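Colleague: Next comes data-v2.txt, compact mmCIF, C-alpha atoms (C1' of nucleotides):
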# COMPACT_ATOMS: atom_id res chain seq x y z
CA MET A 1099 12.31 26.24 -28.45
CA THR A 1100 12.86 22.55 -28.34
CA THR A 1101 10.37 20.23 -26.78
CA LEU A 1102 10.69 16.68 -25.58
CA THR A 1103 8.49 13.67 -26.07
CA ILE A 1104 7.43 11.75 -23.03
CA GLY A 1105 9.99 9.06 -23.74
CA LYS A 1106 12.89 11.53 -23.74
CA VAL A 1107 11.62 13.17 -20.60
CA ALA A 1108 11.33 9.85 -18.80
CA GLN A 1109 14.77 8.81 -19.93
CA ARG A 1110 16.43 12.05 -18.85
CA ALA A 1111 14.73 12.03 -15.49
CA GLY A 1112 15.44 8.36 -14.95
CA VAL A 1113 11.82 7.33 -14.49
CA GLY A 1114 9.39 5.28 -16.53
CA ILE A 1115 7.00 6.72 -19.11
CA GLU A 1116 4.05 5.45 -17.13
CA THR A 1117 5.42 7.23 -14.11
CA VAL A 1118 5.46 10.54 -15.97
CA ARG A 1119 1.81 10.13 -16.94
CA PHE A 1120 1.03 9.01 -13.42
CA TYR A 1121 2.62 12.14 -11.99
CA GLU A 1122 0.62 14.23 -14.41
CA ARG A 1123 -2.59 12.63 -13.15
CA ARG A 1124 -1.47 13.25 -9.60
CA GLY A 1125 -0.83 16.91 -10.38
CA LEU A 1126 2.92 16.78 -9.78
CA ILE A 1127 3.73 17.98 -13.25
CA ASP A 1128 1.73 20.29 -15.48
CA GLU A 1129 -0.24 18.97 -18.39
CA PRO A 1130 1.95 19.82 -21.35
CA PRO A 1131 0.73 21.19 -24.67
CA ARG A 1132 -0.09 18.57 -27.27
CA GLY A 1133 0.75 18.34 -30.94
CA PRO A 1134 -1.94 17.67 -33.54
CA SER A 1135 -1.45 13.95 -32.99
CA GLY A 1136 -2.12 14.27 -29.29
CA TYR A 1137 1.52 13.67 -28.36
CA ARG A 1138 2.72 15.52 -25.29
CA HIS A 1139 5.36 18.18 -25.95
CA TYR A 1140 7.33 18.90 -22.83
CA PRO A 1141 9.55 21.85 -22.09
CA GLU A 1142 13.00 20.97 -20.77
CA SER A 1143 12.02 22.25 -17.35
CA VAL A 1144 9.84 19.23 -16.72
CA VAL A 1145 12.98 17.15 -16.35
CA LEU A 1146 14.07 19.37 -13.48
CA ARG A 1147 10.65 19.04 -11.98
CA LEU A 1148 10.85 15.27 -12.12
CA LEU A 1149 14.27 15.32 -10.53
CA PHE A 1150 12.87 17.53 -7.78
CA VAL A 1151 10.19 14.94 -7.17
CA ARG A 1152 12.71 12.13 -7.05
CA ARG A 1153 14.91 13.92 -4.56
CA ALA A 1154 12.02 14.87 -2.33
CA LYS A 1155 10.90 11.26 -2.46
CA ASP A 1156 14.40 10.17 -1.42
CA LEU A 1157 14.04 12.48 1.55
CA GLY A 1158 10.93 10.63 2.62
CA PHE A 1159 8.22 12.97 1.35
CA THR A 1160 5.11 11.33 -0.07
CA LEU A 1161 3.78 12.38 -3.46
CA ASN A 1162 1.05 14.40 -1.79
CA GLU A 1163 3.57 16.21 0.35
CA ILE A 1164 5.69 16.89 -2.68
CA LYS A 1165 2.69 18.35 -4.45
CA GLU A 1166 2.20 20.69 -1.51
CA LEU A 1167 5.86 21.60 -1.56
CA LEU A 1168 5.57 22.49 -5.22
CA SER A 1169 2.47 24.57 -4.70
CA LEU A 1170 4.14 26.45 -1.87
CA ARG A 1171 6.55 27.74 -4.42
CA LEU A 1172 3.85 29.17 -6.61
CA ASP A 1173 1.95 30.94 -3.88
CA PRO A 1174 3.44 34.41 -3.31
CA GLN A 1175 1.87 34.45 0.16
CA THR A 1176 4.03 31.54 1.23
CA THR A 1177 7.19 32.28 3.08
CA CYS A 1178 10.42 30.44 3.48
CA ALA A 1179 9.36 29.70 7.03
CA ASP A 1180 6.44 27.66 5.71
CA VAL A 1181 8.82 25.49 3.75
CA LYS A 1182 11.11 25.15 6.72
CA GLN A 1183 8.12 24.10 8.79
CA ARG A 1184 7.38 21.25 6.37
CA ALA A 1185 10.93 20.05 6.58
CA GLU A 1186 10.86 20.15 10.36
CA THR A 1187 7.60 18.23 10.48
CA LYS A 1188 9.15 15.64 8.24
CA ILE A 1189 12.18 15.43 10.50
CA ALA A 1190 9.84 14.80 13.42
CA ASP A 1191 8.06 12.09 11.42
CA ILE A 1192 11.36 10.42 10.69
CA GLU A 1193 12.41 10.60 14.33
CA GLU A 1194 9.16 8.98 15.34
CA LYS A 1195 9.69 6.17 12.86
CA MET A 1196 13.22 5.70 14.14
CA ARG A 1197 12.04 5.48 17.74
CA SER A 1198 9.52 2.88 16.74
CA LEU A 1199 12.14 0.84 14.91
CA ARG A 1200 14.49 1.13 17.86
CA ARG A 1201 11.86 -0.31 20.16
CA MET A 1202 11.23 -3.18 17.76
CA LYS A 1203 14.90 -3.90 17.48
CA GLN A 1204 15.47 -3.88 21.23
CA SER A 1205 12.69 -6.38 21.72
CA LEU A 1206 14.03 -8.63 18.99
CA VAL A 1207 17.54 -8.45 20.37
CA GLN A 1208 16.23 -9.46 23.79
CA LEU A 1209 14.42 -12.38 22.21
CA THR A 1210 17.41 -13.61 20.25
CA LYS A 1211 19.55 -13.39 23.39
CA SER A 1212 17.10 -15.61 25.18
CA CYS A 1213 17.40 -18.23 22.47
CA SER A 1214 20.39 -20.55 22.48
CA GLY A 1215 19.64 -21.75 18.97
CA ASN A 1216 19.37 -25.34 20.10
CA GLY A 1217 16.40 -27.57 20.28
CA PRO A 1218 13.13 -27.88 18.41
CA ALA A 1219 11.12 -24.87 17.33
CA ASN A 1220 8.17 -25.52 19.54
CA ASP A 1221 10.35 -24.96 22.58
CA CYS A 1222 11.87 -21.80 21.16
CA PRO A 1223 11.81 -18.98 23.70
CA ILE A 1224 11.21 -16.53 20.89
CA LEU A 1225 7.96 -18.16 19.87
CA GLU A 1226 7.04 -18.65 23.50
CA SER A 1227 7.54 -14.98 24.15
CA LEU A 1228 5.31 -14.07 21.25
CA ASP A 1229 2.69 -16.25 22.89
CA SER A 1230 2.94 -14.65 26.27
CA LEU A 1231 4.32 -11.14 26.04
CA GLU A 1232 2.15 -8.89 28.11
CA GLN A 1233 3.32 -5.37 27.62
CA LYS A 1234 4.30 -3.65 24.46
CA PRO A 1235 8.05 -3.34 24.17
CA MET B 771 -15.82 -27.26 25.52
CA THR B 772 -16.86 -23.69 25.06
CA THR B 773 -16.52 -22.03 21.73
CA LEU B 774 -16.54 -18.39 20.81
CA THR B 775 -18.32 -16.51 18.08
CA ILE B 776 -16.28 -14.32 15.81
CA GLY B 777 -17.46 -11.22 17.65
CA LYS B 778 -16.22 -12.49 21.01
CA VAL B 779 -12.92 -13.54 19.51
CA ALA B 780 -12.41 -10.16 17.90
CA GLN B 781 -13.28 -8.37 21.09
CA ARG B 782 -10.94 -10.47 23.26
CA ALA B 783 -8.07 -10.10 20.84
CA GLY B 784 -8.69 -6.41 20.36
CA VAL B 785 -9.14 -6.57 16.61
CA GLY B 786 -12.09 -6.06 14.27
CA ILE B 787 -14.36 -8.85 13.11
CA GLU B 788 -13.38 -8.15 9.53
CA THR B 789 -9.76 -8.49 10.52
CA VAL B 790 -10.38 -11.97 11.92
CA ARG B 791 -11.96 -13.07 8.66
CA PHE B 792 -9.17 -11.36 6.75
CA TYR B 793 -6.55 -13.29 8.74
CA GLU B 794 -8.44 -16.48 8.01
CA ARG B 795 -8.26 -15.77 4.29
CA ARG B 796 -4.57 -15.01 4.63
CA GLY B 797 -4.01 -18.31 6.41
CA LEU B 798 -2.94 -16.80 9.72
CA ILE B 799 -5.66 -18.53 11.65
CA ASP B 800 -7.29 -21.87 10.92
CA GLU B 801 -10.74 -22.10 9.44
CA PRO B 802 -12.85 -22.93 12.45
CA PRO B 803 -15.67 -25.48 12.48
CA ARG B 804 -19.08 -24.08 11.65
CA GLY B 805 -22.42 -24.62 13.27
CA PRO B 806 -25.48 -25.60 11.21
CA SER B 807 -26.12 -21.92 10.57
CA GLY B 808 -22.69 -21.42 9.10
CA TYR B 809 -21.49 -19.45 12.13
CA ARG B 810 -17.84 -19.88 12.99
CA HIS B 811 -17.20 -21.59 16.31
CA TYR B 812 -13.74 -20.76 17.57
CA PRO B 813 -11.76 -22.50 20.27
CA GLU B 814 -10.31 -20.20 22.93
CA SER B 815 -6.84 -20.76 21.53
CA VAL B 816 -7.56 -18.60 18.53
CA VAL B 817 -7.45 -15.56 20.79
CA LEU B 818 -3.88 -16.43 21.72
CA ARG B 819 -3.09 -16.88 18.08
CA LEU B 820 -4.45 -13.44 17.27
CA LEU B 821 -2.44 -11.92 20.11
CA PHE B 822 0.65 -13.64 18.72
CA VAL B 823 -0.04 -12.04 15.36
CA ARG B 824 -0.48 -8.63 16.94
CA ARG B 825 2.76 -8.85 18.85
CA ALA B 826 4.73 -10.06 15.89
CA LYS B 827 3.25 -7.21 13.88
CA ASP B 828 4.37 -4.79 16.57
CA LEU B 829 7.85 -6.21 16.15
CA GLY B 830 7.78 -5.31 12.49
CA PHE B 831 6.97 -8.65 10.93
CA THR B 832 4.66 -8.60 7.92
CA LEU B 833 1.64 -10.87 7.80
CA ASN B 834 3.46 -13.20 5.41
CA GLU B 835 6.42 -13.42 7.74
CA ILE B 836 4.12 -14.12 10.64
CA LYS B 837 2.52 -16.89 8.67
CA GLU B 838 5.96 -18.40 8.16
CA LEU B 839 6.75 -18.01 11.84
CA LEU B 840 3.59 -19.89 12.69
CA SER B 841 4.31 -22.67 10.24
CA LEU B 842 7.81 -23.05 11.65
CA ARG B 843 6.19 -24.06 14.88
CA LEU B 844 4.24 -26.84 13.28
CA ASP B 845 7.09 -28.36 11.38
CA PRO B 846 8.98 -30.82 13.63
CA GLN B 847 12.00 -30.50 11.35
CA THR B 848 12.37 -26.86 12.28
CA THR B 849 14.80 -25.97 14.98
CA CYS B 850 15.02 -23.13 17.36
CA ALA B 851 17.95 -21.86 15.30
CA ASP B 852 15.62 -21.37 12.33
CA VAL B 853 13.42 -19.13 14.40
CA LYS B 854 16.40 -17.24 15.72
CA GLN B 855 17.55 -16.77 12.16
CA ARG B 856 14.24 -15.09 11.25
CA ALA B 857 14.57 -12.76 14.17
CA GLU B 858 18.11 -11.86 13.22
CA THR B 859 17.13 -11.21 9.63
CA LYS B 860 14.37 -8.95 10.88
CA ILE B 861 16.86 -7.11 13.08
CA ALA B 862 19.03 -6.55 10.03
CA ASP B 863 16.01 -5.26 8.09
CA ILE B 864 15.23 -2.85 10.87
CA GLU B 865 18.81 -1.65 11.01
CA GLU B 866 18.75 -1.01 7.28
CA LYS B 867 15.56 1.00 7.57
CA MET B 868 17.07 2.99 10.40
CA ARG B 869 20.16 3.80 8.38
CA SER B 870 17.97 4.98 5.54
CA LEU B 871 15.95 7.18 7.86
CA ARG B 872 19.11 8.55 9.41
CA ARG B 873 20.38 9.60 5.99
CA MET B 874 17.07 11.27 5.18
CA LYS B 875 17.07 13.09 8.47
CA GLN B 876 20.63 14.32 8.09
CA SER B 877 19.83 15.77 4.69
CA LEU B 878 16.73 17.47 6.00
CA VAL B 879 18.58 18.87 8.98
CA GLN B 880 21.22 20.29 6.65
CA LEU B 881 18.50 21.87 4.57
CA THR B 882 16.69 23.44 7.50
CA LYS B 883 19.98 24.82 8.79
CA SER B 884 20.54 26.52 5.47
CA CYS B 885 17.18 28.25 5.73
CA SER B 886 16.83 31.31 7.89
CA GLY B 887 13.05 31.17 7.73
CA ASN B 888 12.87 34.65 6.26
CA GLY B 889 11.83 35.73 2.86
CA PRO B 890 9.49 34.40 0.19
CA ALA B 891 9.25 30.73 -0.61
CA ASN B 892 10.64 30.97 -4.07
CA ASP B 893 13.98 32.04 -2.64
CA CYS B 894 13.95 29.30 -0.04
CA PRO B 895 17.26 27.44 0.04
CA ILE B 896 15.41 24.21 0.81
CA LEU B 897 13.44 24.33 -2.41
CA GLU B 898 16.52 25.49 -4.27
CA SER B 899 18.43 22.52 -2.99
CA LEU B 900 15.74 20.17 -4.16
CA ASP B 901 16.15 21.74 -7.57
CA SER B 902 19.86 21.29 -7.72
CA LEU B 903 21.03 18.51 -5.44
CA GLU B 904 23.40 16.31 -7.33
CA GLN B 905 24.24 13.33 -5.19
CA LYS B 906 22.03 11.27 -3.03
CA PRO B 907 22.46 12.14 0.60
C1' DC C 910 -43.76 -13.47 18.14
C1' DT C 911 -41.35 -9.77 16.82
C1' DA C 912 -37.66 -6.76 17.26
C1' DC C 913 -32.89 -6.30 17.05
C1' DC C 914 -28.37 -7.56 17.08
C1' DA C 915 -24.83 -10.77 15.39
C1' DC C 916 -23.36 -13.21 11.75
C1' DC C 917 -22.89 -14.84 6.72
C1' DT C 918 -20.83 -14.02 1.74
C1' DG C 919 -18.84 -11.40 -1.77
C1' DT C 920 -17.26 -7.41 -3.54
C1' DA C 921 -15.53 -3.03 -3.48
C1' DC C 922 -12.86 0.47 -1.42
C1' DC C 923 -8.91 3.24 1.39
C1' DA C 924 -3.87 4.90 0.82
C1' DT C 925 0.78 4.38 -1.47
C1' DA C 926 3.41 4.39 -5.77
C1' DC C 927 3.64 2.51 -9.48
C1' DT C 928 3.48 -1.08 -13.53
C1' DA C 929 1.27 -3.66 -17.21
C1' DC C 930 -1.65 -4.32 -21.02
C1' DG C 931 -4.62 -3.99 -25.07
C1' DG C 932 -5.72 -1.81 -29.22
C1' DA C 933 -5.16 2.02 -31.97
C1' DG C 934 -2.85 5.96 -34.08
C1' DT C 935 1.81 8.45 -35.34
C1' DC C 936 6.43 9.36 -36.74
C1' DA C 937 10.88 8.64 -38.93
C1' DA C 938 14.20 5.82 -41.35
C1' DG C 939 15.23 3.06 -45.16
C1' DC D 363 5.65 2.61 -48.71
C1' DT D 364 6.54 -0.29 -45.18
C1' DT D 365 8.29 -1.39 -40.83
C1' DG D 366 9.30 -0.70 -36.27
C1' DA D 367 9.55 2.22 -32.50
C1' DC D 368 6.93 5.53 -30.10
C1' DT D 369 2.75 7.41 -28.17
C1' DC D 370 -2.17 7.63 -27.01
C1' DC D 371 -6.09 6.27 -23.57
C1' DG D 372 -8.36 3.67 -20.21
C1' DT D 373 -8.44 0.04 -17.26
C1' DA D 374 -6.63 -3.30 -14.30
C1' DG D 375 -3.15 -5.39 -11.47
C1' DT D 376 0.84 -5.39 -7.89
C1' DA D 377 1.82 -5.41 -2.59
C1' DT D 378 0.36 -4.09 2.20
C1' DG D 379 -3.21 -4.40 5.81
C1' DG D 380 -7.07 -3.84 6.41
C1' DT D 381 -12.26 -1.38 6.29
C1' DA D 382 -16.95 -0.86 4.48
C1' DC D 383 -20.80 -2.03 2.46
C1' DA D 384 -25.13 -4.70 0.61
C1' DG D 385 -28.35 -8.04 1.06
C1' DG D 386 -29.65 -11.95 3.49
C1' DT D 387 -30.06 -15.36 7.57
C1' DG D 388 -29.57 -16.80 12.66
C1' DG D 389 -30.32 -16.42 17.52
C1' DT D 390 -32.25 -14.49 21.49
C1' DA D 391 -34.64 -11.24 24.79
C1' DG D 392 -38.72 -9.29 26.04
Show me, as structure tokens, the structure contained in the file I just sent.

Modeller:
Amino acid sequence: MTTLTIGKVAQRAGVGIETVRFYERRGLIDEPPRGPSGYRHYPESVVLRLLFVRRAKDLGFTLNEIKELLSLRLDPQTTCADVKQRAETKIADIEEKMRSLRRMKQSLVQLTKSCSGNGPANDCPILESLDSLEQKP
Amino acid sequence: MTTLTIGKVAQRAGVGIETVRFYERRGLIDEPPRGPSGYRHYPESVVLRLLFVRRAKDLGFTLNEIKELLSLRLDPQTTCADVKQRAETKIADIEEKMRSLRRMKQSLVQLTKSCSGNGPANDCPILESLDSLEQKP
DNA sequence: CTACCACCTGTACCATACTACGGAGTCAAG
DNA sequence: CTTGACTCCGTAGTATGGTACAGGTGGTAG
């Protein structure tokens, strides 16, 4: 069975070497066996694991959440519904963030509409609004 | 002219004392004059400044951006259009974040649809997809 | 006059996700 | 056998926006 050095693993997974070690410390990948020199010898499967992490990260999961996701897989007690629950919670998180951004944007759009773009900055209605806004947008 | 201690300022602006000092270090508020004891003596206006910072933060500006916004006001060269430009850039940032979140959400929704919620976690289509997704959502 | 609270400085710490660096040991090619 | 690339470990730094001490002084109410 072939094993990979940390450099090969990092290259194949498209991450940095330091990142691989960092993920090991964070418990996202298993500590691999070492050769007599202390070099890490990885099975091929660690590349898949790293790709899993990258994809989950792209979906907005934090490293801690990804760790949980990975441990769900190992626990025979865990059901598919548990996993689905995580995904749904994450969807709700994302929706909340989007609502927040939408509110910010609406306020900013209002402010830019109020500003003709002429005149000196100290008369700018945008800055004036920031001085006197009462309620949260 | 009345002055305020840091505690009063923090209380009126609805932030922590440490936050006021932190903003001073970050250059968001001026270093106030000190009494013989070394106590900070703030003018009332600093409360307005802190409220400005809070509102701008609510609109999604970072502390560095807020610092720039504040300095724009002081520079007589700056025009209203410069301020408007900042706001528009921030709107574009927000829109980009929203697009990113929308993509994440769509992928997650797809995944949850593929999962019936029955069965053990190691057969979960969500986890399987994370193992084998090829393209970014 | 003595509590007791507010304030001072500086430093360290929280979470998040890495990235960089120094100094030493290892492996493979030429 | 030497050279250069690779790896090891531990620590520290990046950015973001604060929060939490410790240890010491100031101000004021009773």

Colleague: Counting only C-alpha atoms (C1' of nucleotides), give me one row per residue of chain B with an atom at most 10 Å from an atom of chain C, showing the shortest contact pair and its distance in Å to one decimal, sorted by chain then residue number, as a Markdown table.

Modeller:
| residue | atom | partner | partner_atom | distance |
| --- | --- | --- | --- | --- |
| B:Thr775 | CA | C:DC916 | C1' | 8.7 |
| B:Ile776 | CA | C:DC916 | C1' | 8.2 |
| B:Gly777 | CA | C:DA915 | C1' | 7.7 |
| B:Ser807 | CA | C:DC917 | C1' | 8.7 |
| B:Gly808 | CA | C:DC917 | C1' | 7.0 |
| B:Tyr809 | CA | C:DC916 | C1' | 6.5 |
| B:Arg810 | CA | C:DC916 | C1' | 8.7 |

Colleague: Just to be explicit: take each residue in the selection above, keep C-alpha atoms, and write the result as an mmCIF file, in the frame of the given file.

Modeller:
data_model
loop_
_atom_site.group_PDB
_atom_site.id
_atom_site.type_symbol
_atom_site.label_atom_id
_atom_site.label_comp_id
_atom_site.auth_asym_id
_atom_site.auth_seq_id
_atom_site.Cartn_x
_atom_site.Cartn_y
_atom_site.Cartn_z
ATOM 1 C CA THR B 775 -18.320 -16.510 18.080
ATOM 2 C CA ILE B 776 -16.280 -14.320 15.810
ATOM 3 C CA GLY B 777 -17.460 -11.220 17.650
ATOM 4 C CA SER B 807 -26.120 -21.920 10.570
ATOM 5 C CA GLY B 808 -22.690 -21.420 9.100
ATOM 6 C CA TYR B 809 -21.490 -19.450 12.130
ATOM 7 C CA ARG B 810 -17.840 -19.880 12.990
#

Colleague: Produce the centre coordinates and the three edge lengths, each in Å to one decimal, of the box along x, y and z that contains all listed atoms of segment 912-928 of chain C with 4 Å added on each side, as JSON.

Modeller:
{"center_x": -17.0, "center_y": -5.0, "center_z": 1.9, "size_x": 49.3, "size_y": 27.7, "size_z": 38.8}

Colleague: Go through D:DG386, D:DT381, D:DG375, D:DA391 and flag the residue nearest chain B, using all atoms listed in the file for the distances.

Modeller: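 Of the candidates, the smallest distance to chain B is held by D:DT381.
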
Colleague: Near Cys850 of chain B, counting only C-alpha atoms (C1' of nucleotides), which residues have an atom at most 12 Å away, once you skip same-chain residues fewer than 6 positions from it, shown as a tab-separated table (two decimals) with C-alpha atoms, in the frame of the given file?

Modeller:
chain	number	residue	atom	x	y	z
A	1209	LEU	CA	14.42	-12.38	22.21
A	1210	THR	CA	17.41	-13.61	20.25
A	1212	SER	CA	17.10	-15.61	25.18
A	1213	CYS	CA	17.40	-18.23	22.47
A	1214	SER	CA	20.39	-20.55	22.48
A	1215	GLY	CA	19.64	-21.75	18.97
A	1216	ASN	CA	19.37	-25.34	20.10
A	1217	GLY	CA	16.40	-27.57	20.28
A	1218	PRO	CA	13.13	-27.88	18.41
A	1219	ALA	CA	11.12	-24.87	17.33
A	1220	ASN	CA	8.17	-25.52	19.54
A	1221	ASP	CA	10.35	-24.96	22.58
A	1222	CYS	CA	11.87	-21.80	21.16
A	1223	PRO	CA	11.81	-18.98	23.70
A	1224	ILE	CA	11.21	-16.53	20.89
A	1225	LEU	CA	7.96	-18.16	19.87
A	1226	GLU	CA	7.04	-18.65	23.50
B	839	LEU	CA	6.75	-18.01	11.84
B	842	LEU	CA	7.81	-23.05	11.65
B	843	ARG	CA	6.19	-24.06	14.88
B	856	ARG	CA	14.24	-15.09	11.25
B	857	ALA	CA	14.57	-12.76	14.17

Colleague: Can you measure atom CA of Lys1203 of chain A to atom CA of Ile864 of chain B for me? One decimal in Å is fine.

Modeller: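 Rounded to one decimal, the two atoms are 6.7 Å apart.
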
Colleague: Give me, as CSV, the closest atom pair and its distance (Å, one decimal) for every residue of chain D within a cut-off of 10 Å of chain B, counting only C-alpha atoms (C1' of nucleotides), rows sorted by chain and rising number.

Modeller:
residue,atom,partner,partner_atom,distance
D:DT378,C1',B:Thr832,CA,8.5
D:DG379,C1',B:Leu833,CA,8.3
D:DG380,C1',B:Thr789,CA,6.8
D:DT381,C1',B:Glu788,CA,7.6
D:DA382,C1',B:Glu788,CA,9.6
D:DT387,C1',B:Ser807,CA,8.2
D:DG388,C1',B:Ser807,CA,6.5
D:DG389,C1',B:Ser807,CA,9.8

Colleague: Mind giving me the straight-line distance from atom CA of Asp1173 of chain A to atom CA of Thr1187 of chain A in Å, one decimal?

Modeller: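 Computing the Euclidean distance for atom CA of Asp1173 of chain A and atom CA of Thr1187 of chain A yields 20.0 Å.
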
Colleague: To one decimal place, how far is atom CA of Lys1188 of chain A from atom CA of Leu829 of chain B in Å?

Modeller: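 Answer for the atom CA of Lys1188 of chain A to atom CA of Leu829 of chain B separation: 23.3 Å.
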
Colleague: How would you write as JSON, numbers by chain the residues that get within 8 Å of (-9.0, -13.8, 23.1) in the file's frame, counting all atoms listed in the file?

Modeller: {"B": [778, 779, 780, 781, 782, 783, 784, 814, 815, 816, 817, 818, 820, 821]}

Colleague: Rank nothing, just name the residue among B:Leu774, B:Leu840, B:Ala862, B:Ala851 nearest to chain A, using only C-alpha atoms.

Modeller: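 For chain A, the nearest of the given residues is B:Ala851.
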